[in-house]
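Structure data follow from run03.tsv (TSV, C-alpha atoms and all ligand atoms):
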```
chain	number	residue	atom	x	y	z
A	27	MET	CA	89.48	64.39	90.66
A	28	ASP	CA	92.47	66.12	89.10
A	29	ALA	CA	95.64	66.34	91.12
A	30	THR	CA	96.54	69.82	92.29
A	31	ARG	CA	99.92	70.74	93.64
A	32	ASP	CA	101.45	73.62	95.42
A	33	PHE	CA	105.17	73.61	95.97
A	34	ASP	CA	105.35	77.38	96.32
A	35	GLY	CA	107.59	77.44	99.34
A	36	VAL	CA	107.92	75.07	102.24
A	37	ALA	CA	104.83	76.35	104.03
A	38	ALA	CA	102.66	75.40	101.07
A	39	ASN	CA	104.28	72.08	100.39
A	40	THR	CA	101.01	70.21	100.16
A	41	TYR	CA	99.34	67.82	97.75
A	42	THR	CA	95.81	66.91	96.79
A	43	GLY	CA	95.14	64.02	94.45
A	44	PRO	CA	92.76	61.10	94.25
A	45	PRO	CA	92.55	58.71	97.22
A	46	THR	CA	93.18	55.06	96.41
A	47	LEU	CA	92.42	53.12	99.59
A	48	THR	CA	89.03	51.52	100.19
A	49	ASP	CA	87.13	51.32	103.47
A	50	THR	CA	88.58	47.86	104.02
A	51	GLN	CA	92.13	49.07	103.41
A	52	VAL	CA	91.79	52.18	105.58
A	53	LEU	CA	90.48	50.03	108.43
A	54	GLU	CA	93.32	47.55	107.88
A	55	VAL	CA	95.92	50.30	108.29
A	56	CYS	CA	94.14	51.54	111.43
A	57	ARG	CA	94.13	48.00	112.80
A	58	GLU	CA	97.54	46.64	111.78
A	59	GLY	CA	99.41	49.94	111.96
A	60	TYR	CA	101.23	49.69	108.64
A	61	LEU	CA	100.81	49.23	104.89
A	62	MET	CA	103.35	47.72	102.49
A	63	LEU	CA	103.66	49.11	98.94
A	64	PRO	CA	106.21	46.70	97.41
A	65	GLY	CA	108.38	47.75	94.49
A	66	ILE	CA	106.37	50.81	93.48
A	67	VAL	CA	109.30	53.17	92.83
A	68	SER	CA	110.90	52.92	89.38
A	69	GLU	CA	114.33	51.40	88.76
A	70	ASP	CA	115.57	54.78	87.51
A	71	VAL	CA	114.51	56.65	90.65
A	72	ASN	CA	115.94	53.92	92.88
A	73	ALA	CA	119.27	54.25	91.07
A	74	ARG	CA	119.24	58.06	91.36
A	75	THR	CA	118.46	57.78	95.06
A	76	LEU	CA	121.35	55.37	95.64
A	77	ALA	CA	123.70	57.67	93.73
A	78	TYR	CA	122.50	60.63	95.82
A	79	MET	CA	122.95	58.69	99.06
A	80	ALA	CA	126.46	57.62	98.06
A	81	GLU	CA	127.41	61.32	98.13
A	82	ALA	CA	125.27	62.36	101.11
A	83	THR	CA	127.19	62.63	104.35
A	84	SER	CA	124.42	63.87	106.65
A	85	HIS	CA	122.17	61.49	108.56
A	86	GLU	CA	119.42	63.96	107.63
A	87	PRO	CA	119.84	64.69	103.90
A	88	SER	CA	116.64	66.74	103.66
A	89	ALA	CA	117.65	68.51	100.44
A	90	ILE	CA	116.67	65.34	98.58
A	91	ILE	CA	113.04	66.39	99.22
A	92	LEU	CA	113.62	69.37	96.92
A	93	GLU	CA	114.71	67.18	94.00
A	94	ASP	CA	111.85	66.98	91.48
A	95	TRP	CA	112.65	63.40	90.53
A	96	PHE	CA	112.53	62.32	94.19
A	97	ARG	CA	109.30	64.21	94.95
A	98	GLU	CA	107.55	62.84	91.89
A	99	GLY	CA	109.06	59.37	91.94
A	100	VAL	CA	109.03	58.59	95.66
A	101	LEU	CA	107.14	61.07	97.83
A	102	LEU	CA	104.29	61.41	95.33
A	103	ALA	CA	104.48	58.07	93.53
A	104	PRO	CA	100.81	57.41	92.71
A	105	GLU	CA	100.45	54.47	95.11
A	106	VAL	CA	102.02	56.47	97.94
A	107	ALA	CA	100.17	59.72	97.30
A	108	GLY	CA	96.86	57.87	96.98
A	109	ALA	CA	97.35	56.00	100.23
A	110	VAL	CA	98.53	59.05	102.18
A	111	ARG	CA	95.68	61.10	100.70
A	112	SER	CA	93.24	58.43	101.91
A	113	LEU	CA	94.60	58.48	105.44
A	114	LEU	CA	95.50	62.16	105.94
A	115	GLY	CA	92.93	63.86	103.72
A	116	ALA	CA	93.12	66.43	100.95
A	117	GLY	CA	96.00	68.88	101.00
A	118	PHE	CA	98.24	66.70	103.10
A	119	GLY	CA	101.64	68.15	103.95
A	120	LEU	CA	104.78	66.70	102.44
A	121	PRO	CA	107.90	65.85	104.47
A	122	VAL	CA	110.24	68.62	105.59
A	123	LEU	CA	112.87	66.36	107.16
A	124	MET	CA	114.58	63.28	105.76
A	125	SER	CA	116.24	60.69	107.98
A	126	SER	CA	118.82	58.34	106.52
A	127	HIS	CA	119.20	55.02	108.32
A	128	ARG	CA	122.32	53.79	106.64
A	129	ALA	CA	123.43	50.50	108.14
A	130	ASP	CA	126.85	48.97	107.58
A	131	ARG	CA	126.32	45.28	107.93
A	132	PRO	CA	126.62	42.85	109.68
A	133	LEU	CA	124.78	44.13	112.76
A	134	GLU	CA	122.91	42.72	115.70
A	135	ALA	CA	119.20	43.47	115.91
A	136	GLN	CA	118.08	46.73	117.48
A	137	GLY	CA	115.81	46.66	120.50
A	138	TRP	CA	112.09	47.08	119.88
A	139	HIS	CA	111.10	50.72	120.32
A	140	HIS	CA	108.57	53.41	119.61
A	141	ASP	CA	110.29	56.29	117.85
A	142	ALA	CA	110.88	59.35	119.99
A	143	ASP	CA	108.01	61.79	120.33
A	144	SER	CA	105.32	59.27	119.49
A	145	VAL	CA	101.90	60.72	120.27
A	146	PHE	CA	99.55	57.83	120.94
A	147	GLY	CA	95.92	58.42	120.15
A	148	GLN	CA	93.00	57.80	117.88
A	149	GLU	CA	93.45	61.00	115.90
A	150	LEU	CA	95.53	60.27	112.81
A	151	ASN	CA	97.37	63.48	112.03
A	152	TYR	CA	100.76	62.21	110.85
A	153	LEU	CA	102.33	59.16	109.28
A	154	GLN	CA	105.83	57.75	109.27
A	155	VAL	CA	106.94	56.37	105.92
A	156	PHE	CA	109.99	54.30	104.93
A	157	TYR	CA	111.60	53.78	101.52
A	158	TYR	CA	114.04	51.05	100.45
A	159	PRO	CA	115.86	52.12	97.26
A	160	GLN	CA	117.60	48.75	96.96
A	161	ASP	CA	116.69	45.09	97.31
A	162	THR	CA	116.36	44.48	101.06
A	163	PRO	CA	116.13	40.79	101.90
A	164	ASP	CA	116.30	39.49	105.46
A	165	GLU	CA	120.11	39.24	105.49
A	166	MET	CA	120.29	43.03	105.05
A	167	GLY	CA	118.49	43.70	108.31
A	168	PRO	CA	115.20	45.19	107.16
A	169	THR	CA	112.93	46.85	109.68
A	170	GLU	CA	110.61	44.58	111.61
A	171	VAL	CA	107.27	45.94	112.75
A	172	LEU	CA	104.93	44.57	115.40
A	173	PRO	CA	101.38	44.76	114.01
A	174	ARG	CA	98.75	46.40	116.27
A	175	SER	CA	101.40	47.84	118.59
A	176	HIS	CA	100.64	51.49	117.82
A	177	ILE	CA	97.82	51.74	120.35
A	178	ALA	CA	99.70	52.32	123.57
A	179	GLU	CA	103.23	52.80	124.84
A	180	THR	CA	104.89	49.51	125.65
A	181	ARG	CA	107.94	48.83	127.79
A	182	ARG	CA	111.03	48.49	125.64
A	183	ASP	CA	112.67	45.71	127.57
A	184	ILE	CA	110.06	43.12	126.71
A	185	ASP	CA	111.47	40.46	124.42
A	186	TRP	CA	108.80	40.71	121.77
A	187	THR	CA	108.11	37.97	119.32
A	188	GLY	CA	105.70	38.02	116.45
A	189	GLY	CA	107.21	40.86	114.51
A	190	VAL	CA	106.76	41.04	110.75
A	191	SER	CA	109.73	41.55	108.44
A	192	THR	CA	109.53	44.29	105.83
A	193	ALA	CA	112.06	42.48	103.61
A	194	SER	CA	111.22	43.82	100.18
A	195	PRO	CA	112.23	44.22	96.56
A	196	PRO	CA	113.85	47.52	95.51
A	197	GLY	CA	111.57	50.53	95.39
A	198	THR	CA	109.38	49.48	98.29
A	199	VAL	CA	107.64	52.09	100.41
A	200	PHE	CA	105.87	51.23	103.62
A	201	ILE	CA	103.55	53.48	105.55
A	202	THR	CA	103.27	53.23	109.32
A	203	MET	CA	101.42	54.71	112.22
A	204	TYR	CA	104.34	56.62	113.74
A	205	PRO	CA	104.08	55.02	117.20
A	206	ILE	CA	104.23	51.40	115.95
A	207	LEU	CA	106.86	49.24	117.69
A	208	HIS	CA	109.69	48.42	115.32
A	209	ARG	CA	113.37	47.60	115.16
A	210	ARG	CA	116.12	46.93	112.66
A	211	ALA	CA	116.42	43.16	112.36
A	212	LYS	CA	119.71	41.34	112.65
A	213	ALA	CA	121.80	41.77	109.50
A	214	THR	CA	124.06	38.89	108.53
A	215	GLY	CA	125.30	40.05	105.15
A	216	THR	CA	127.96	42.58	104.23
A	217	GLY	CA	127.70	45.98	102.58
A	218	VAL	CA	125.44	48.98	103.19
A	219	ARG	CA	121.68	49.05	103.67
A	220	HIS	CA	119.97	52.31	102.81
A	221	LEU	CA	116.65	53.26	104.37
A	222	LEU	CA	115.02	56.68	104.15
A	223	LYS	CA	112.38	57.74	106.66
A	224	TYR	CA	110.08	60.76	106.65
A	225	ASN	CA	106.69	62.06	107.84
A	226	TYR	CA	103.54	63.34	106.14
A	227	TRP	CA	101.06	65.66	107.85
A	228	ARG	CA	97.29	66.24	107.99
A	229	THR	CA	96.19	69.79	107.24
A	230	THR	CA	92.39	69.33	107.02
A	231	SER	CA	89.65	67.89	109.22
A	232	PRO	CA	88.96	64.19	108.70
A	233	ARG	CA	86.06	62.95	106.59
A	234	ARG	CA	85.22	59.68	104.88
A	235	ASP	CA	86.36	60.73	101.43
A	236	TRP	CA	88.48	57.76	100.42
A	237	VAL	CA	87.13	55.00	98.14
A	238	ILE	CA	83.83	54.09	99.82
A	239	GLU	CA	82.63	50.52	99.42
A	240	PRO	CA	78.84	50.61	99.14
A	241	ASP	CA	78.47	47.30	100.93
A	242	PHE	CA	81.12	47.90	103.61
A	243	ASP	CA	79.79	46.38	106.83
A	244	LEU	CA	80.58	48.93	109.54
A	245	ARG	CA	78.90	46.84	112.18
A	246	GLY	CA	80.59	43.54	111.37
A	247	ALA	CA	84.00	44.77	110.21
A	248	ASN	CA	87.15	43.38	111.84
A	249	TYR	CA	88.27	46.08	114.27
A	250	GLY	CA	90.71	43.76	116.07
A	251	GLY	CA	90.69	41.64	119.19
A	252	HIS	CA	90.35	42.25	122.92
A	253	HIS	CA	91.60	45.66	124.08
A	254	GLN	CA	92.05	46.72	120.45
A	255	ALA	CA	88.65	46.75	118.78
A	256	TRP	CA	87.15	49.74	120.61
A	257	TRP	CA	90.33	51.78	120.11
A	258	ILE	CA	90.63	50.98	116.41
A	259	ALA	CA	86.91	51.45	115.76
A	260	ARG	CA	87.08	54.88	117.34
A	261	MET	CA	90.07	55.78	115.17
A	262	PHE	CA	88.11	54.67	112.10
A	263	TYR	CA	85.09	56.75	113.13
A	264	TRP	CA	87.38	59.70	113.84
A	265	LEU	CA	88.76	59.37	110.31
A	266	CYS	CA	85.17	59.31	109.08
A	267	GLY	CA	84.70	62.71	110.78
A	268	ASP	CA	82.22	61.26	113.24
A	269	ALA	CA	84.10	60.44	116.43
A	270	GLU	CA	81.52	62.13	118.66
A	271	ARG	CA	78.84	59.56	117.82
A	272	PHE	CA	81.11	56.74	118.84
A	273	SER	CA	80.70	55.27	122.29
A	274	THR	CA	82.19	52.16	123.77
A	275	VAL	CA	79.75	49.95	125.62
A	276	GLY	CA	82.34	47.39	126.65
A	277	GLY	CA	82.18	43.69	127.35
A	278	GLN	CA	80.58	41.72	124.55
A	279	GLY	CA	79.22	44.89	122.94
A	280	TRP	CA	80.19	46.36	119.59
A	281	PRO	CA	82.82	46.76	118.23
A	282	TYR	CA	84.37	43.58	119.68
A	283	SER	CA	83.63	41.09	116.94
A	284	GLY	CA	85.73	38.02	117.69
A	285	SER	CA	82.73	35.87	118.61
A	286	GLN	CA	80.15	37.24	116.19
A	287	GLN	CA	79.83	33.90	114.47
A	288	ASN	CA	78.61	32.34	117.72
A	289	GLN	CA	76.12	35.09	118.62
A	290	ILE	CA	72.40	34.61	118.11
A	291	GLY	CA	71.99	38.25	117.12
A	292	PRO	CA	73.93	41.42	116.32
A	293	SER	CA	76.11	43.05	118.97
A	294	TYR	CA	74.67	45.83	121.13
A	295	GLY	CA	76.18	49.27	120.98
A	296	PHE	CA	76.62	49.88	117.24
A	297	PRO	CA	76.25	53.65	116.70
A	298	GLY	CA	75.19	53.38	113.06
A	299	PRO	CA	77.08	54.57	110.01
A	300	PRO	CA	78.95	57.87	109.98
A	301	ARG	CA	76.88	60.97	109.20
A	302	PRO	CA	76.21	61.33	105.47
A	303	ASP	CA	77.52	64.93	105.41
A	304	GLN	CA	80.97	63.62	106.36
A	305	GLN	CA	81.17	61.20	103.46
A	306	GLY	CA	82.39	61.50	99.90
B	1	FE	FE	113.10	53.60	115.03
```
What does this structure look like when you write it as structure tokens?
Amino acid sequence: MDATRDFDGVAANTYTGPPTLTDTQVLEVCREGYLMLPGIVSEDVNARTLAYMAEATSHEPSAIILEDWFREGVLLAPEVAGAVRSLLGAGFGLPVLMSSHRADRPLEAQGWHHDADSVFGQELNYLQVFYYPQDTPDEMGPTEVLPRSHIAETRRDIDWTGGVSTASPPGTVFITMYPILHRRAKATGTGVRHLLKYNYWRTTSPRRDWVIEPDFDLRGANYGGHHQAWWIARMFYWLCGDAERFSTVGGQGWPYSGSQQNQIGPSYGFPGPPRPDQQG
């Protein structure tokens, strides 16, 4: 499929190009709540971004979205555009607001939080994406994310453990389910950490038109553990354009799959594959 673009005004700031994620990868993002794309932005674009940010005084320098080099090199870098296209469908909307999380180190860790205005649910209509233009090792206080925490609102005062660092080489982009719990980790070094954050938007109904794996096992796939599997399976079926055929039986029924290896037969409750007219 050829890429088509329309930057004719903000209202038409959408993009359609080829999807790059497979069934397995789409399900992994649904389940874990984030996807790392390490070092995919070029050295040149990272340098231009850092030069731009050195002059930017606003905490929301949205005009950078209008720079061709930034749109092509970051927002629509092939790995990013392909992943966002897989998750949000054809004609996804590009960001209209840029947040700059400049951090002057050293700093204590932030508290774990869901960003404001998180809408929890199994319909995936928006994504929150982060970009590190510079090398961001642990001493620079990279964001930590808590995998599988995008399902439901969680009290902020819990002292969570088990977070995953997004420490990364320069030019890393990571895609998250907006409601995922996250925080800035403790920074022990000196200097400035730059982090840009922005959202993409769905503009079309969901359908299974990413890279379909012919032998993808919808019945046996890993939808997560207790209290997660039914939620994540329904999100995956919603993305396949077939949420209405999904029903949760509960108990040991599909989609809970943690004990499949000890079962004497397949789980009850599998609704079958998504409708063929919603695929491809
Ligand atoms: Fe945040």
What's the separation between CA of Ile177 in chain A and CA of Gly147 in chain A, in Å to one decimal place?
6.9 Å
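CA of Glu105 in chain A is positioned 25.1 Å from CA of Asp243 in chain A.
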Show me which residues are within 7 Å of ligand FE 1 (chain B) counting all atoms listed in the file, and format the list as a PyMOL selection string.
chain A and resi 139-141+208-209
Smallest atom-to-atom distance to Ala211 in chain A: which of A:Ala135, A:Val190, A:Gln160, A:Phe146, using all atoms listed in the file?
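Counting all atoms listed in the file, the residue closest to Ala211 in chain A is A:Ala135.
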Could you name the residues that touch range 236-242 of chain A at 8 Å or less, counting all atoms listed in the file, but leaving out those on the same chain fewer than 5 positions away, as a list in words?
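Contacts, in chain order: Pro45, Thr46, Leu47, Thr48, Asp49, Thr50, Arg111, Ser112, Leu113, Ala247 and Gly306 of chain A.
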I need the residues from that last selection saved to file as a PDB file, in the coordinates of the input (with C-alpha atoms), if you can.
```pdb
ATOM      1  CA  PRO A  45      92.550  58.710  97.220  1.00  0.00           C
ATOM      2  CA  THR A  46      93.180  55.060  96.410  1.00  0.00           C
ATOM      3  CA  LEU A  47      92.420  53.120  99.590  1.00  0.00           C
ATOM      4  CA  THR A  48      89.030  51.520 100.190  1.00  0.00           C
ATOM      5  CA  ASP A  49      87.130  51.320 103.470  1.00  0.00           C
ATOM      6  CA  THR A  50      88.580  47.860 104.020  1.00  0.00           C
ATOM      7  CA  ARG A 111      95.680  61.100 100.700  1.00  0.00           C
ATOM      8  CA  SER A 112      93.240  58.430 101.910  1.00  0.00           C
ATOM      9  CA  LEU A 113      94.600  58.480 105.440  1.00  0.00           C
ATOM     10  CA  ALA A 247      84.000  44.770 110.210  1.00  0.00           C
ATOM     11  CA  GLY A 306      82.390  61.500  99.900  1.00  0.00           C
TER      12      GLY A 306
END
```
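CA of Trp227 in chain A lies 6.8 Å from CA of Leu114 in chain A.
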Of the candidates A:Leu221, A:Met166, A:Ala82, A:Cys266, which one gets nearest to Pro302 in chain A if we count all atoms listed in the file?
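Distance minimum relative to Pro302 in chain A lands on A:Cys266.
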Find the residues around Gly298 in chain A up to 12 Å (only C-alpha atoms counted), leave out those fewer than 6 positions away in its own chain, and share them as a PDB file with C-alpha atoms, keeping the file's coordinate frame.
```
ATOM      1  CA  ASP A 243      79.790  46.380 106.830  1.00  0.00           C
ATOM      2  CA  LEU A 244      80.580  48.930 109.540  1.00  0.00           C
ATOM      3  CA  ARG A 245      78.900  46.840 112.180  1.00  0.00           C
ATOM      4  CA  GLY A 246      80.590  43.540 111.370  1.00  0.00           C
ATOM      5  CA  TYR A 263      85.090  56.750 113.130  1.00  0.00           C
ATOM      6  CA  ASP A 268      82.220  61.260 113.240  1.00  0.00           C
ATOM      7  CA  ALA A 269      84.100  60.440 116.430  1.00  0.00           C
ATOM      8  CA  ARG A 271      78.840  59.560 117.820  1.00  0.00           C
ATOM      9  CA  PHE A 272      81.110  56.740 118.840  1.00  0.00           C
ATOM     10  CA  SER A 273      80.700  55.270 122.290  1.00  0.00           C
ATOM     11  CA  TRP A 280      80.190  46.360 119.590  1.00  0.00           C
ATOM     12  CA  PRO A 281      82.820  46.760 118.230  1.00  0.00           C
TER      13      PRO A 281
END
```
Could you give me, as JSON lines, a per-residue list for range 91-190 of chain A showing, wherever an atom lies at most 6 Å from an atom of range 58-77 of chain A, the closest pair of atoms and their distance in Å to one decimal, using only C-alpha atoms and sorting by chain then residue number from low to high?
```
{"residue": "A:Pro159", "atom": "CA", "partner": "A:Asn72", "partner_atom": "CA", "distance": 4.7}
{"residue": "A:Pro173", "atom": "CA", "partner": "A:Glu58", "partner_atom": "CA", "distance": 4.8}
{"residue": "A:Arg174", "atom": "CA", "partner": "A:Glu58", "partner_atom": "CA", "distance": 4.7}
```
Name all residues at most 12 Å from Tyr78 in chain A (count only C-alpha atoms; drop same-chain ones fewer than 6 positions away) and give them as a list in words.
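Residues meeting the cut-off are Val71, Asn72, Ser84, Pro87, Ser88, Ala89, Ile90, Ile91, Glu93, Trp95, Phe96, Ser126, Pro159, His220 and Leu222 of chain A.
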Restricting it to C-alpha atoms, dump the selection as a PDB file, in the coordinates of the input.
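Generated output (result.pdb):
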```pdb
ATOM      1  CA  VAL A  71     114.510  56.650  90.650  1.00  0.00           C
ATOM      2  CA  ASN A  72     115.940  53.920  92.880  1.00  0.00           C
ATOM      3  CA  SER A  84     124.420  63.870 106.650  1.00  0.00           C
ATOM      4  CA  PRO A  87     119.840  64.690 103.900  1.00  0.00           C
ATOM      5  CA  SER A  88     116.640  66.740 103.660  1.00  0.00           C
ATOM      6  CA  ALA A  89     117.650  68.510 100.440  1.00  0.00           C
ATOM      7  CA  ILE A  90     116.670  65.340  98.580  1.00  0.00           C
ATOM      8  CA  ILE A  91     113.040  66.390  99.220  1.00  0.00           C
ATOM      9  CA  GLU A  93     114.710  67.180  94.000  1.00  0.00           C
ATOM     10  CA  TRP A  95     112.650  63.400  90.530  1.00  0.00           C
ATOM     11  CA  PHE A  96     112.530  62.320  94.190  1.00  0.00           C
ATOM     12  CA  SER A 126     118.820  58.340 106.520  1.00  0.00           C
ATOM     13  CA  PRO A 159     115.860  52.120  97.260  1.00  0.00           C
ATOM     14  CA  HIS A 220     119.970  52.310 102.810  1.00  0.00           C
ATOM     15  CA  LEU A 222     115.020  56.680 104.150  1.00  0.00           C
TER      16      LEU A 222
END
```
Shell of 10 Å around Pro132 in chain A, all atoms listed in the file, local chain residues under 2 positions omitted, as number ranges by chain:
A: 129-130, 134-135, 165-167, 212-219
Pick from A:Leu150, A:Ile290, A:Ala259, A:Ile206 nearest to Phe118 in chain A, counting only C-alpha atoms
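Among the listed residues, A:Leu150 lies closest to Phe118 in chain A.
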Exercise: residues within 10 Å of coordinate (90.5, 65.3, 107.5), counting all atoms listed in the file, as a PDB file with C-alpha atoms, in the coordinates of the input:
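Once everything was written out, this is selection-v6.pdb:
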```
ATOM      1  CA  ARG A 111      95.680  61.100 100.700  1.00  0.00           C
ATOM      2  CA  SER A 112      93.240  58.430 101.910  1.00  0.00           C
ATOM      3  CA  LEU A 113      94.600  58.480 105.440  1.00  0.00           C
ATOM      4  CA  LEU A 114      95.500  62.160 105.940  1.00  0.00           C
ATOM      5  CA  GLY A 115      92.930  63.860 103.720  1.00  0.00           C
ATOM      6  CA  ALA A 116      93.120  66.430 100.950  1.00  0.00           C
ATOM      7  CA  GLY A 117      96.000  68.880 101.000  1.00  0.00           C
ATOM      8  CA  PHE A 118      98.240  66.700 103.100  1.00  0.00           C
ATOM      9  CA  GLU A 149      93.450  61.000 115.900  1.00  0.00           C
ATOM     10  CA  LEU A 150      95.530  60.270 112.810  1.00  0.00           C
ATOM     11  CA  ASN A 151      97.370  63.480 112.030  1.00  0.00           C
ATOM     12  CA  ARG A 228      97.290  66.240 107.990  1.00  0.00           C
ATOM     13  CA  THR A 229      96.190  69.790 107.240  1.00  0.00           C
ATOM     14  CA  THR A 230      92.390  69.330 107.020  1.00  0.00           C
ATOM     15  CA  SER A 231      89.650  67.890 109.220  1.00  0.00           C
ATOM     16  CA  PRO A 232      88.960  64.190 108.700  1.00  0.00           C
ATOM     17  CA  ARG A 233      86.060  62.950 106.590  1.00  0.00           C
ATOM     18  CA  ARG A 234      85.220  59.680 104.880  1.00  0.00           C
ATOM     19  CA  ASP A 235      86.360  60.730 101.430  1.00  0.00           C
ATOM     20  CA  TRP A 264      87.380  59.700 113.840  1.00  0.00           C
ATOM     21  CA  LEU A 265      88.760  59.370 110.310  1.00  0.00           C
ATOM     22  CA  CYS A 266      85.170  59.310 109.080  1.00  0.00           C
ATOM     23  CA  GLY A 267      84.700  62.710 110.780  1.00  0.00           C
ATOM     24  CA  GLN A 304      80.970  63.620 106.360  1.00  0.00           C
TER      25      GLN A 304
END
```
Pick out the closest residue to Tyr204 in chain A from this set: A:Val145, A:Leu101, A:Ala178, A:Leu172. Count all atoms listed in the file.
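Comparing A:Val145, A:Leu101, A:Ala178, A:Leu172 against Tyr204 in chain A, the winner is A:Val145.
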Restricting the calculation to only C-alpha atoms, which member of A:Gln51, A:Gln148, A:Thr83, A:Asn248 is positioned closest to Arg128 in chain A?
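Of A:Gln51, A:Gln148, A:Thr83, A:Asn248, the one nearest Arg128 in chain A, counting only C-alpha atoms, is A:Thr83.
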Looking at only C-alpha atoms, which of A:Ala80, A:Ile201, A:Val171, A:Val106 is the one that sits closest to Gly188 in chain A?
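The shortest atom-to-atom distance to Gly188 in chain A comes from A:Val171.
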When you look at Ala255 in chain A with a cut-off of 10 Å (counting all atoms listed in the file), what residues show up, excluding the ones that are within fewer than 2 positions of it in the same chain? I need them as a ChimeraX atom specification.
/A:57,247-253,257-261,274,280-284
Output requested as an mmCIF file, in the frame of the given file - range 122-137 of chain A, filled out with N, CA and C atoms.
```cif
data_model
loop_
_atom_site.group_PDB
_atom_site.id
_atom_site.type_symbol
_atom_site.label_atom_id
_atom_site.label_comp_id
_atom_site.auth_asym_id
_atom_site.auth_seq_id
_atom_site.Cartn_x
_atom_site.Cartn_y
_atom_site.Cartn_z
ATOM 1 N N VAL A 122 109.283 67.513 105.539
ATOM 2 C CA VAL A 122 110.240 68.620 105.590
ATOM 3 C C VAL A 122 111.586 68.162 106.166
ATOM 4 N N LEU A 123 111.631 66.920 106.606
ATOM 5 C CA LEU A 123 112.870 66.360 107.160
ATOM 6 C C LEU A 123 113.051 64.945 106.639
ATOM 7 N N MET A 124 114.267 64.620 106.240
ATOM 8 C CA MET A 124 114.580 63.280 105.760
ATOM 9 C C MET A 124 115.596 62.637 106.708
ATOM 10 N N SER A 125 115.288 61.440 107.155
ATOM 11 C CA SER A 125 116.240 60.690 107.980
ATOM 12 C C SER A 125 116.838 59.572 107.143
ATOM 13 N N SER A 126 118.138 59.426 107.227
ATOM 14 C CA SER A 126 118.820 58.340 106.520
ATOM 15 C C SER A 126 119.286 57.319 107.548
ATOM 16 N N HIS A 127 118.749 56.095 107.432
ATOM 17 C CA HIS A 127 119.200 55.020 108.320
ATOM 18 C C HIS A 127 120.113 54.096 107.533
ATOM 19 N N ARG A 128 121.300 54.584 107.327
ATOM 20 C CA ARG A 128 122.320 53.790 106.640
ATOM 21 C C ARG A 128 122.872 52.768 107.630
ATOM 22 N N ALA A 129 122.935 51.530 107.232
ATOM 23 C CA ALA A 129 123.430 50.500 108.140
ATOM 24 C C ALA A 129 124.540 49.723 107.468
ATOM 25 N N ASP A 130 125.732 49.769 108.087
ATOM 26 C CA ASP A 130 126.850 48.970 107.580
ATOM 27 C C ASP A 130 126.769 47.593 108.223
ATOM 28 N N ARG A 131 126.518 46.625 107.404
ATOM 29 C CA ARG A 131 126.320 45.280 107.930
ATOM 30 C C ARG A 131 127.666 44.585 108.168
ATOM 31 N N PRO A 132 127.717 43.453 108.919
ATOM 32 C CA PRO A 132 126.620 42.850 109.680
ATOM 33 C C PRO A 132 126.376 43.576 111.006
ATOM 34 N N LEU A 133 125.169 43.456 111.517
ATOM 35 C CA LEU A 133 124.780 44.130 112.760
ATOM 36 C C LEU A 133 123.830 43.245 113.545
ATOM 37 N N GLU A 134 123.903 43.383 114.859
ATOM 38 C CA GLU A 134 122.910 42.720 115.700
ATOM 39 C C GLU A 134 121.581 43.476 115.587
ATOM 40 N N ALA A 135 120.517 42.824 115.973
ATOM 41 C CA ALA A 135 119.200 43.470 115.910
ATOM 42 C C ALA A 135 119.129 44.621 116.917
ATOM 43 N N GLN A 136 118.397 45.661 116.541
ATOM 44 C CA GLN A 136 118.080 46.730 117.480
ATOM 45 C C GLN A 136 117.069 46.221 118.503
ATOM 46 N N GLY A 137 116.911 46.951 119.590
ATOM 47 C CA GLY A 137 115.810 46.660 120.500
ATOM 48 C C GLY A 137 114.504 47.205 119.943
#
```
